[in-house]
Amino acid sequence: MQEIVKRKRARIERDPSRVITRPYIPGDLSRINNLLSKVLGLSESTAKKILLQLHHDFADRHRNLDELLMVNFDKVAEYIPHTIHISLTKKMLIGSYFTMEYSIESAALFNPSIVLHPDQSNVPKGGARFVMSLRATGEGHISSIVFRSGIIDSDFSFIFDSVPDFVETPAMLHDPFYDNHLFCLSLQEMGVWNDTSEKILSRLQPFFTYQDLKFSIHEVYKKNPDQSDDTTINAINWLANSNYKIKFNDKTQLSERVIYPVSENESKGIEDARFVQFTRDNGKTVYYATYTAYNGEHILPQLIKTKDFVTFNISTLNGKAIQNKGLALFPRKINGMYAMLSRQDGENNHIMFSDNLHFWHTSQVIQEPLYPWEFVQIGNCGSPIELKEGWLVLTHGVGPMRQYCISAILLDLNDPTKIIGRLAEPLLSPNEEERVGYVPNVIYTCGAMLLNGHLIIPYAMSDITTRVATVELKSLLRMMKLAG
């Protein structure tokens with residue numbers, strides 16, 4: 001099997017110097033007030049001197065340092081009496097005391113997926129421009145999504161775009177409009193559809209804004225505070241804050257953009273995004289990605305939607321069939337239904353269908369561990385790839401010593417519940433070099449793509465860094481054992 005796999009020299013390495021800013025606000029109100037008093041007590045000349053040194057030390061690490069400091073000043077401004085006049089210098093200085101840097105890639109850069117770039121202009125003949133998403137992990141094992149881009153030329157050489165020193169987080173916006181019907185369905189799925197939620201949602205239009213929702217909650221609570229269910233109101237706020245939009249400055253390069261956790265349900269990380277270029281019924285394409293939001297205790301499957309990798313819509317996935325990791329959306333509907341691979345039981349490969357992209361209620365097992373190198377667990381390694389022969393699915397198998405390998409199956413094109421081909425051995429197993437890392441003996445991918453009769457597979461090595469392999473499709477299909 002190793003004869004048909006070509007490992008490329010190119011690697012995507014972590015860079016600890018790439019940092020973002022995060023709020024650094026003590027949980028104790030007395031500490032916040034003490035710190036504010038100390039900074040406000042400084043003379044204007046001393047404040048200017050400290051701020052000048054800050055600019056000297058940090059301005060070349062952040063494109064818009066002053067704006068970032070002001071954002072965090074605004075987070076504590078409510079604790080300062082309105083009667084106090086504060087100069088711009090002291091506002092920025094206060095902001096700096098409530099700011100910390102975070103190195104997004106300091107621990108690892110792994111679990112990649114790859115799709116065609118939305119802009120294929122000026123690409124050499126036989127080549128393609130790509131977008132690669134990766135899971136970046138920093139201090140505290142908090143994960144975010146970062147991107148790389150470049151061109152694969154006709155001989156399958158990788159030319160990566162340069163990676164700027166700066167990293168940018170996006171502006172967060174709540175959805176311009178929420179769908180009342182879908183919102184109600186989600187509350188029912190969460191088990192909080194009751195008198196309180198019905199009163200709040202019945203006051204709203206079929207499509208409502210975040211501010212409309214907040215006003216309705218306020219009015220219902222004000223009218224009957226003793227009869228309002230606080231648990232339900234908290235759940236409504238949680239759901240609203242789990243569905244939002246983020247937008248980057250469109251002048252930034254793709255590799256400058258980082259999707260960092262912003263909502264409470266993903267406070268401990270955004271894990272393993274599986275991007276796919278999805279073709280709608282009208283022939284137009286959009287990019288979706290499933291990912292796992294983690295808050296330190298629970299996971300929540302989420303969905304990303306984007307057309308340009310500048311603006312991203314984030315929404316929740318609902319239903320009994322999505323309560324686990326490893327969701328992978330098919331790149332188009334099948335027989336009028338959305339289709340998704342999943343892993344409900346932590347052991348087998350499942351498939352599920354739905355007429356609504358955001359709700360998934362049932363699943364069925366399509367693949368169970370068969371060979372020794374996958375006895376522990378199997379799962380998908382990203383969205384299926386459509387071929388005339390069927391749906392090609394990369395899979396991962398876990399064997400002795402918790403070693404992860406990458407393999408493949410082929411599903412029937414019209415009925416993907418049927419396996420029509422399966423490799424009898426791994427396509428990729430970790431070699432000696434790839435076994436060393438943060439989590440040893442693991443190679444893993446979140447999505448591959450097809451180019452000129454070859455499979456392009458970016459994959460992580462022991463959860464620390466990433467490389468790429470190519471496989472000739474004809475040889476791969478020839479080696480797949482027919483099912484039955």
# chains A, B, ... in the order shown; residues from 1 in each chain; ligands from 1
$ residues_around --residues "Pro426 (chain A)" --least-positions-apart "3" --cutoff "10 Å" --atoms "only C-alpha atoms" --output "list in words"
Met1, Gln2, Tyr371, Trp373, Glu374, Thr395, His396, Gly397, Tyr404, Cys405, Ile406, Ser407, Ala408, Leu423 and Ser429 of chain A
$ select_by_dssp --residues "region 191-361 of chain A" --states "helix (DSSP H, G or I)" --output "number ranges by chain"
A: 195-202, 210-223, 230-242, 254-256, 264-266, 320-322
$ closest_atom_pairs --of "region 93-132 of chain A" --to "region 29-49 of chain A" --cutoff "10 Å" --atoms "only C-alpha atoms" --output "tab-separated table"
residue	atom	partner	partner_atom	distance
A:Leu93	CA	A:Ala47	CA	7.0
A:Ile94	CA	A:Val39	CA	6.5
A:Gly95	CA	A:Leu36	CA	10.0
A:Tyr97	CA	A:Leu35	CA	8.1
A:Phe98	CA	A:Ile32	CA	9.0
$ write_last_selection --atoms "all heavy atoms" --output "PDB file, in the first residue's frame"
ATOM      1  N   LEU A  93      -4.112  52.864  28.242  1.00  0.00           N
ATOM      2  CA  LEU A  93      -3.277  52.233  29.260  1.00  0.00           C
ATOM      3  C   LEU A  93      -4.112  51.302  30.130  1.00  0.00           C
ATOM      4  O   LEU A  93      -3.683  50.181  30.443  1.00  0.00           O
ATOM      5  CB  LEU A  93      -2.585  53.297  30.110  1.00  0.00           C
ATOM      6  CG  LEU A  93      -1.516  52.769  31.086  1.00  0.00           C
ATOM      7  CD1 LEU A  93      -0.428  52.014  30.342  1.00  0.00           C
ATOM      8  CD2 LEU A  93      -0.923  53.921  31.892  1.00  0.00           C
ATOM      9  N   ILE A  94      -5.299  51.754  30.519  1.00  0.00           N
ATOM     10  CA  ILE A  94      -6.197  50.879  31.275  1.00  0.00           C
ATOM     11  C   ILE A  94      -6.495  49.626  30.460  1.00  0.00           C
ATOM     12  O   ILE A  94      -6.450  48.496  30.976  1.00  0.00           O
ATOM     13  CB  ILE A  94      -7.501  51.625  31.635  1.00  0.00           C
ATOM     14  CG1 ILE A  94      -7.230  52.666  32.732  1.00  0.00           C
ATOM     15  CG2 ILE A  94      -8.582  50.646  32.108  1.00  0.00           C
ATOM     16  CD1 ILE A  94      -8.395  53.600  32.994  1.00  0.00           C
ATOM     17  N   GLY A  95      -6.788  49.812  29.176  1.00  0.00           N
ATOM     18  CA  GLY A  95      -7.048  48.665  28.316  1.00  0.00           C
ATOM     19  C   GLY A  95      -5.908  47.677  28.310  1.00  0.00           C
ATOM     20  O   GLY A  95      -6.119  46.449  28.287  1.00  0.00           O
ATOM     21  N   TYR A  97      -3.822  46.959  30.708  1.00  0.00           N
ATOM     22  CA  TYR A  97      -3.773  46.188  31.941  1.00  0.00           C
ATOM     23  C   TYR A  97      -4.832  45.085  31.978  1.00  0.00           C
ATOM     24  O   TYR A  97      -4.734  44.151  32.785  1.00  0.00           O
ATOM     25  CB  TYR A  97      -3.920  47.106  33.155  1.00  0.00           C
ATOM     26  CG  TYR A  97      -2.631  47.791  33.535  1.00  0.00           C
ATOM     27  CD1 TYR A  97      -2.339  49.077  33.074  1.00  0.00           C
ATOM     28  CD2 TYR A  97      -1.685  47.158  34.344  1.00  0.00           C
ATOM     29  CE1 TYR A  97      -1.156  49.718  33.410  1.00  0.00           C
ATOM     30  CE2 TYR A  97      -0.499  47.786  34.679  1.00  0.00           C
ATOM     31  CZ  TYR A  97      -0.233  49.061  34.212  1.00  0.00           C
ATOM     32  OH  TYR A  97       0.954  49.691  34.541  1.00  0.00           O
ATOM     33  N   PHE A  98      -5.823  45.202  31.119  1.00  0.00           N
ATOM     34  CA  PHE A  98      -6.868  44.184  31.036  1.00  0.00           C
ATOM     35  C   PHE A  98      -6.782  43.424  29.713  1.00  0.00           C
ATOM     36  O   PHE A  98      -7.774  42.943  29.183  1.00  0.00           O
ATOM     37  CB  PHE A  98      -8.244  44.834  31.207  1.00  0.00           C
ATOM     38  CG  PHE A  98      -8.473  45.384  32.590  1.00  0.00           C
ATOM     39  CD1 PHE A  98      -8.227  46.717  32.872  1.00  0.00           C
ATOM     40  CD2 PHE A  98      -8.894  44.549  33.615  1.00  0.00           C
ATOM     41  CE1 PHE A  98      -8.418  47.226  34.146  1.00  0.00           C
ATOM     42  CE2 PHE A  98      -9.088  45.045  34.896  1.00  0.00           C
ATOM     43  CZ  PHE A  98      -8.849  46.388  35.174  1.00  0.00           C
TER      44      PHE A  98
END
$ residues_around --residues "region 219-231 of chain A" --least-positions-apart "6" --cutoff "12 Å" --atoms "only C-alpha atoms" --output "list in words"
Leu187, Met190, Gly191, Val192, Trp193, Asn194, Asp195, Thr196, Ser197, Glu198, Lys199, Ile200, Leu201, Ser202, Arg203, Leu204, Asp212, Leu213, Asn237 and Trp238 of chain A
$ closest_atom_pairs --of "region 293-356 of chain A" --to "region 262-285 of chain A" --cutoff "8 Å" --atoms "only C-alpha atoms" --output "Markdown table"
| residue | atom | partner | partner_atom | distance |
| --- | --- | --- | --- | --- |
| A:Ala293 | CA | A:Glu266 | CA | 4.5 |
| A:Tyr294 | CA | A:Glu266 | CA | 4.6 |
| A:Asn295 | CA | A:Lys268 | CA | 4.7 |
| A:Gly296 | CA | A:Lys268 | CA | 5.5 |
| A:Ile299 | CA | A:Asn265 | CA | 7.8 |
| A:Leu300 | CA | A:Asn265 | CA | 7.2 |
| A:Lys307 | CA | A:Thr285 | CA | 7.8 |
| A:Gly326 | CA | A:Asp272 | CA | 7.9 |
| A:Leu327 | CA | A:Arg274 | CA | 7.8 |
| A:Ala328 | CA | A:Arg274 | CA | 6.4 |
| A:Leu329 | CA | A:Val276 | CA | 7.2 |
| A:Phe330 | CA | A:Phe278 | CA | 7.6 |
| A:Pro331 | CA | A:Phe278 | CA | 4.4 |
| A:Arg332 | CA | A:Thr279 | CA | 5.3 |
| A:Lys333 | CA | A:Arg280 | CA | 7.6 |
$ write_last_selection --atoms "N, CA, C and O atoms" --output "tab-separated table (two decimals), in the first residue's frame"
chain	number	residue	atom	x	y	z
A	293	ALA	N	-17.81	22.14	19.25
A	293	ALA	CA	-17.60	23.17	20.26
A	293	ALA	C	-17.48	22.49	21.62
A	293	ALA	O	-18.23	21.56	21.93
A	294	TYR	N	-16.53	22.96	22.44
A	294	TYR	CA	-16.27	22.32	23.73
A	294	TYR	C	-16.16	23.41	24.81
A	294	TYR	O	-15.44	24.40	24.63
A	295	ASN	N	-16.90	23.24	25.89
A	295	ASN	CA	-16.88	24.24	26.97
A	295	ASN	C	-16.18	23.73	28.23
A	295	ASN	O	-16.28	24.35	29.29
A	296	GLY	N	-15.47	22.62	28.12
A	296	GLY	CA	-14.76	22.05	29.27
A	296	GLY	C	-15.50	20.89	29.89
A	296	GLY	O	-14.91	20.08	30.61
A	299	ILE	N	-19.77	18.75	24.78
A	299	ILE	CA	-19.50	19.09	23.39
A	299	ILE	C	-20.81	19.49	22.71
A	299	ILE	O	-21.89	19.06	23.11
A	300	LEU	N	-20.70	20.33	21.69
A	300	LEU	CA	-21.86	20.76	20.93
A	300	LEU	C	-21.48	20.80	19.46
A	300	LEU	O	-20.60	21.56	19.07
A	307	LYS	N	-19.15	31.73	1.99
A	307	LYS	CA	-18.99	31.75	0.54
A	307	LYS	C	-17.60	32.22	0.14
A	307	LYS	O	-17.12	31.91	-0.95
A	326	GLY	N	-17.15	14.16	15.04
A	326	GLY	CA	-16.85	13.51	13.78
A	326	GLY	C	-17.96	13.53	12.75
A	326	GLY	O	-18.19	12.53	12.07
A	327	LEU	N	-18.68	14.65	12.62
A	327	LEU	CA	-19.71	14.77	11.60
A	327	LEU	C	-19.08	15.22	10.28
A	327	LEU	O	-18.22	16.09	10.26
A	328	ALA	N	-19.52	14.63	9.17
A	328	ALA	CA	-18.97	14.98	7.86
A	328	ALA	C	-20.10	15.02	6.84
A	328	ALA	O	-20.73	13.99	6.55
A	329	LEU	N	-20.35	16.19	6.29
A	329	LEU	CA	-21.46	16.41	5.37
A	329	LEU	C	-21.08	15.98	3.95
A	329	LEU	O	-19.98	16.24	3.48
A	330	PHE	N	-22.01	15.29	3.27
A	330	PHE	CA	-21.81	14.98	1.85
A	330	PHE	C	-21.84	16.28	1.04
A	330	PHE	O	-22.51	17.25	1.43
A	331	PRO	N	-21.16	16.34	-0.10
A	331	PRO	CA	-21.04	17.60	-0.85
A	331	PRO	C	-22.27	17.98	-1.68
A	331	PRO	O	-22.24	18.99	-2.37
A	332	ARG	N	-23.31	17.20	-1.61
A	332	ARG	CA	-24.58	17.55	-2.25
A	332	ARG	C	-25.68	16.69	-1.64
A	332	ARG	O	-25.41	15.72	-0.91
A	333	LYS	N	-26.94	17.05	-1.94
A	333	LYS	CA	-28.04	16.22	-1.49
A	333	LYS	C	-28.05	14.90	-2.27
A	333	LYS	O	-27.59	14.82	-3.41
$ select_by_dssp --residues "region 344-416 of chain A" --states "strand (DSSP E)" --output "MDAnalysis selection string"
chainID A and resid 349:354 364:367 377:380 385:387 390:398 404:411
$ residues_around --residues "Ala10 (chain A)" --least-positions-apart "3" --cutoff "12 Å" --atoms "only C-alpha atoms" --output "mmCIF file with C-alpha atoms, in the first residue's frame"
data_model
loop_
_atom_site.group_PDB
_atom_site.id
_atom_site.type_symbol
_atom_site.label_atom_id
_atom_site.label_comp_id
_atom_site.auth_asym_id
_atom_site.auth_seq_id
_atom_site.Cartn_x
_atom_site.Cartn_y
_atom_site.Cartn_z
ATOM 1 C CA LYS A 6 3.705 9.746 -1.909
ATOM 2 C CA ARG A 7 4.510 11.821 1.136
ATOM 3 C CA GLU A 13 4.606 24.002 11.193
ATOM 4 C CA GLY A 150 -1.556 28.213 -1.896
ATOM 5 C CA ILE A 152 -0.861 22.819 -6.163
ATOM 6 C CA PHE A 156 1.613 18.066 -7.373
ATOM 7 C CA SER A 157 4.175 20.399 -5.858
ATOM 8 C CA PHE A 158 2.773 22.630 -3.114
ATOM 9 C CA ILE A 159 3.457 26.352 -3.223
ATOM 10 C CA PHE A 160 2.157 27.863 -0.008
ATOM 11 C CA PRO A 458 -3.236 16.718 4.266
ATOM 12 C CA TYR A 459 -2.791 14.924 7.574
ATOM 13 C CA THR A 465 2.219 19.316 12.972
ATOM 14 C CA THR A 466 0.892 18.667 9.459
ATOM 15 C CA ARG A 467 2.146 17.293 6.161
ATOM 16 C CA VAL A 468 0.600 16.221 2.819
ATOM 17 C CA ALA A 469 0.428 12.972 0.844
ATOM 18 C CA THR A 470 -0.858 12.217 -2.659
#
